[in-house]
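What follows is run-v8.pdb (PDB, C-alpha atoms).
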```pdb
ATOM      1  CA  MET A 119     -23.763 158.231 192.320  1.00  0.00           C
ATOM      2  CA  VAL A 120     -22.795 157.941 195.936  1.00  0.00           C
ATOM      3  CA  LYS A 121     -24.513 159.627 198.839  1.00  0.00           C
ATOM      4  CA  LEU A 122     -22.252 161.664 201.120  1.00  0.00           C
ATOM      5  CA  GLU A 123     -23.288 163.413 204.315  1.00  0.00           C
ATOM      6  CA  ILE A 124     -21.392 166.474 205.496  1.00  0.00           C
ATOM      7  CA  THR A 125     -20.101 165.815 209.016  1.00  0.00           C
ATOM      8  CA  ASN A 126     -17.790 168.794 209.451  1.00  0.00           C
ATOM      9  CA  VAL A 127     -17.297 172.166 207.781  1.00  0.00           C
ATOM     10  CA  MET A 128     -13.717 173.436 207.614  1.00  0.00           C
ATOM     11  CA  ASP A 129     -12.257 176.613 206.089  1.00  0.00           C
ATOM     12  CA  TYR A 130     -11.802 175.392 202.534  1.00  0.00           C
ATOM     13  CA  TYR A 131     -13.211 171.899 202.528  1.00  0.00           C
ATOM     14  CA  TYR A 132     -15.938 169.645 203.879  1.00  0.00           C
ATOM     15  CA  VAL A 133     -15.557 166.376 205.744  1.00  0.00           C
ATOM     16  CA  VAL A 134     -18.045 163.799 204.473  1.00  0.00           C
ATOM     17  CA  LYS A 135     -19.039 160.227 205.172  1.00  0.00           C
ATOM     18  CA  GLY A 136     -20.775 157.620 203.076  1.00  0.00           C
ATOM     19  CA  ASP A 137     -20.991 153.866 202.638  1.00  0.00           C
ATOM     20  CA  LYS A 138     -17.374 153.610 201.425  1.00  0.00           C
ATOM     21  CA  TYR A 139     -16.027 156.841 202.880  1.00  0.00           C
ATOM     22  CA  ASN A 140     -15.507 157.906 206.470  1.00  0.00           C
ATOM     23  CA  ASP A 141     -14.013 161.314 207.246  1.00  0.00           C
ATOM     24  CA  LYS A 142     -13.144 161.962 203.584  1.00  0.00           C
ATOM     25  CA  ARG A 143     -12.054 165.547 202.940  1.00  0.00           C
ATOM     26  CA  LEU A 144     -13.496 167.209 199.839  1.00  0.00           C
ATOM     27  CA  TYR A 145     -12.741 170.658 198.536  1.00  0.00           C
ATOM     28  CA  ILE A 146     -15.995 171.437 196.799  1.00  0.00           C
ATOM     29  CA  LYS A 147     -17.616 174.726 195.835  1.00  0.00           C
ATOM     30  CA  PHE A 148     -21.229 175.186 194.754  1.00  0.00           C
ATOM     31  CA  TYR A 149     -21.746 178.513 192.979  1.00  0.00           C
ATOM     32  CA  GLY A 150     -25.050 180.249 193.550  1.00  0.00           C
ATOM     33  CA  ILE A 151     -25.693 179.042 197.103  1.00  0.00           C
ATOM     34  CA  GLU A 152     -24.368 179.815 200.536  1.00  0.00           C
ATOM     35  CA  LYS A 153     -21.932 177.570 202.374  1.00  0.00           C
ATOM     36  CA  LEU A 154     -23.059 174.006 202.981  1.00  0.00           C
ATOM     37  CA  ASN A 155     -24.019 172.853 206.471  1.00  0.00           C
ATOM     38  CA  ILE A 156     -23.475 169.773 208.604  1.00  0.00           C
ATOM     39  CA  GLY A 157     -26.134 167.247 207.668  1.00  0.00           C
ATOM     40  CA  ASP A 158     -26.496 168.383 204.047  1.00  0.00           C
ATOM     41  CA  LEU A 159     -26.308 165.522 201.549  1.00  0.00           C
ATOM     42  CA  ILE A 160     -24.291 165.471 198.338  1.00  0.00           C
ATOM     43  CA  TYR A 161     -24.902 162.911 195.595  1.00  0.00           C
ATOM     44  CA  ILE A 162     -21.904 162.738 193.282  1.00  0.00           C
ATOM     45  CA  ASP A 163     -20.196 160.307 190.910  1.00  0.00           C
ATOM     46  CA  GLU A 164     -17.675 158.196 192.819  1.00  0.00           C
ATOM     47  CA  SER A 165     -14.932 158.633 190.224  1.00  0.00           C
ATOM     48  CA  VAL A 166     -14.974 162.395 190.836  1.00  0.00           C
ATOM     49  CA  ILE A 167     -14.341 161.865 194.553  1.00  0.00           C
ATOM     50  CA  ASP A 168     -11.305 159.723 193.826  1.00  0.00           C
ATOM     51  CA  GLU A 169      -9.744 162.446 191.635  1.00  0.00           C
ATOM     52  CA  ASN A 170      -8.813 164.194 194.904  1.00  0.00           C
ATOM     53  CA  ILE A 171      -8.784 167.714 193.351  1.00  0.00           C
ATOM     54  CA  PRO A 172     -10.909 170.821 193.985  1.00  0.00           C
ATOM     55  CA  LEU A 173     -14.399 170.429 192.545  1.00  0.00           C
ATOM     56  CA  TYR A 174     -16.560 173.301 191.314  1.00  0.00           C
ATOM     57  CA  PHE A 175     -20.258 173.090 190.507  1.00  0.00           C
ATOM     58  CA  GLY A 176     -22.765 175.654 189.256  1.00  0.00           C
ATOM     59  CA  LYS A 177     -26.084 175.934 187.498  1.00  0.00           C
ATOM     60  CA  ILE A 178     -26.919 173.489 184.712  1.00  0.00           C
ATOM     61  CA  LYS A 179     -25.808 174.704 181.257  1.00  0.00           C
ATOM     62  CA  GLY A 180     -23.732 177.454 182.876  1.00  0.00           C
ATOM     63  CA  LYS A 181     -20.933 179.292 181.103  1.00  0.00           C
ATOM     64  CA  TYR A 182     -18.145 177.129 182.560  1.00  0.00           C
ATOM     65  CA  GLY A 183     -19.785 173.718 182.173  1.00  0.00           C
ATOM     66  CA  LYS A 184     -19.461 171.237 179.328  1.00  0.00           C
ATOM     67  CA  ASP A 185     -22.219 171.095 176.708  1.00  0.00           C
ATOM     68  CA  ASP A 186     -22.392 167.290 176.890  1.00  0.00           C
ATOM     69  CA  ILE A 187     -23.549 166.568 180.445  1.00  0.00           C
ATOM     70  CA  THR A 188     -22.912 163.081 181.773  1.00  0.00           C
ATOM     71  CA  GLU A 189     -23.623 161.640 185.219  1.00  0.00           C
ATOM     72  CA  LYS A 190     -19.975 162.278 186.086  1.00  0.00           C
ATOM     73  CA  GLU A 191     -20.604 165.994 185.530  1.00  0.00           C
ATOM     74  CA  LEU A 192     -23.604 166.210 187.868  1.00  0.00           C
ATOM     75  CA  ALA A 193     -24.005 166.758 191.583  1.00  0.00           C
ATOM     76  CA  ILE A 194     -27.206 166.821 193.587  1.00  0.00           C
ATOM     77  CA  LEU A 195     -27.365 168.709 196.850  1.00  0.00           C
ATOM     78  CA  LYS A 196     -30.140 167.872 199.289  1.00  0.00           C
ATOM     79  CA  ARG A 197     -30.721 170.410 202.042  1.00  0.00           C
ATOM     80  CA  ASN A 198     -33.747 171.619 203.954  1.00  0.00           C
ATOM     81  CA  ASN A 199     -36.065 169.178 202.147  1.00  0.00           C
ATOM     82  CA  GLU A 200     -35.130 170.482 198.686  1.00  0.00           C
ATOM     83  CA  LYS A 201     -32.961 169.006 195.936  1.00  0.00           C
ATOM     84  CA  LEU A 202     -30.674 171.258 193.941  1.00  0.00           C
ATOM     85  CA  TYR A 203     -28.998 170.085 190.727  1.00  0.00           C
ATOM     86  CA  PHE A 204     -25.581 171.293 189.634  1.00  0.00           C
ATOM     87  CA  GLN A 205     -23.155 170.759 186.769  1.00  0.00           C
ATOM     88  CA  ARG A 206     -19.386 170.519 187.153  1.00  0.00           C
ATOM     89  CA  TYR A 207     -17.523 173.659 186.129  1.00  0.00           C
ATOM     90  CA  TYR A 208     -14.085 173.803 184.536  1.00  0.00           C
ATOM     91  CA  GLY A 209     -11.633 176.698 184.220  1.00  0.00           C
TER      92      GLY A 209
END
```
As structure tokens:
Amino acid sequence: MVKLEITNVMDYYYVVKGDKYNDKRLYIKFYGIEKLNIGDLIYIDESVIDENIPLYFGKIKGKYGKDDITEKELAILKRNNEKLYFQRYYG
């Protein structure tokens, strides 16, 4: 997993930076929480970032997630000194 820091919040996407990424635009939606803020951290599998498609995440074992959860399916959001765990949603 790579660590990405949100540096800018746009209408439908976030601008993030990390060790390998600088000003990378991600369209990412986390269901069940309010909009992300500048300074929030996202830990996500690098291969998902390179897919360059909209990403959707929700609660673990949610209706739209796969039953077999791999690291590629997970995202961790760190904000306000708390860690929140999410599973990738499809369809």
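Using only C-alpha atoms, the shortest contact distance between Glu189 of chain A and any of A:Ile146, A:Tyr207, A:Asp168, A:Ile162 is found at A:Ile162.
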field: Residue neighbourhood segment 190-198 of chain A, 7 Å, only C-alpha atoms, exclusion window fewer than 6 positions, as a list in words
entry: Asp158, Leu159, Ile160, Tyr161, Ile162, Asp163, Val166, Phe204, Gln205 and Arg206 of chain A
- request: Given the file shown, determine the residues that the PyMOL selection byres ((chain A and resi 167) around 10) selects; report them as a list of chain:residue names.
  value: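 On this input, the PyMOL selection byres ((chain A and resi 167) around 10) captures A:Val120, A:Tyr139, A:Lys142, A:Arg143, A:Leu144, A:Tyr145, A:Ile146, A:Ile162, A:Asp163, A:Glu164, A:Ser165, A:Val166, A:Asp168, A:Glu169, A:Asn170, A:Ile171, A:Pro172, A:Leu173.
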- request: Could you check how far atom CA of Phe175 of chain A sits from atom CA of Ile187 of chain A, in Å to one decimal?
  value: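 Atom CA of Ile187 of chain A lies 12.4 Å from atom CA of Phe175 of chain A.
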- prompt: Which residues match the PyMOL selection byres ((chain A and resi 136) around 8) in the file above, as a list in words?
  reply: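 With the PyMOL selection byres ((chain A and resi 136) around 8) on this model, the match is Val120, Lys121, Leu122, Glu123, Val134, Lys135, Asp137, Lys138, Tyr139 and Asn140 of chain A.
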Using C-alpha atoms, can you write the selected residues to a file as a compact mmCIF listing (two decimals), in the frame of the given file?
```txt
# COMPACT_ATOMS: atom_id res chain seq x y z
CA VAL A 120 -22.80 157.94 195.94
CA LYS A 121 -24.51 159.63 198.84
CA LEU A 122 -22.25 161.66 201.12
CA GLU A 123 -23.29 163.41 204.32
CA VAL A 134 -18.05 163.80 204.47
CA LYS A 135 -19.04 160.23 205.17
CA ASP A 137 -20.99 153.87 202.64
CA LYS A 138 -17.37 153.61 201.42
CA TYR A 139 -16.03 156.84 202.88
CA ASN A 140 -15.51 157.91 206.47
```
- request: Could you state which residues are captured by the PyMOL selection byres ((chain A and resi 178) around 8) in this file, as a PyMOL selection string?
  value: chain A and resi 176-177+179-180+183+203-205
As JSON, what would the box around segment 163-181 of chain A look like: edges along x, y and z, 6 Å added on every side, centre and edge lengths in Å to one decimal?
```
{"center_x": -17.9, "center_y": 168.7, "center_z": 188.0, "size_x": 30.1, "size_y": 33.1, "size_z": 25.8}
```
Coordinates-based distance that separates atom CA of Lys184 of chain A from atom CA of Asn155 of chain A (Å, one decimal):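 Pair atom CA of Asn155 of chain A / atom CA of Lys184 of chain A returns 27.6 Å.
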task: Quick one: pull the distance between atom CA of Leu154 of chain A and atom CA of Asp185 of chain A, Å, one decimal.
output: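 So the answer is 26.4 Å.
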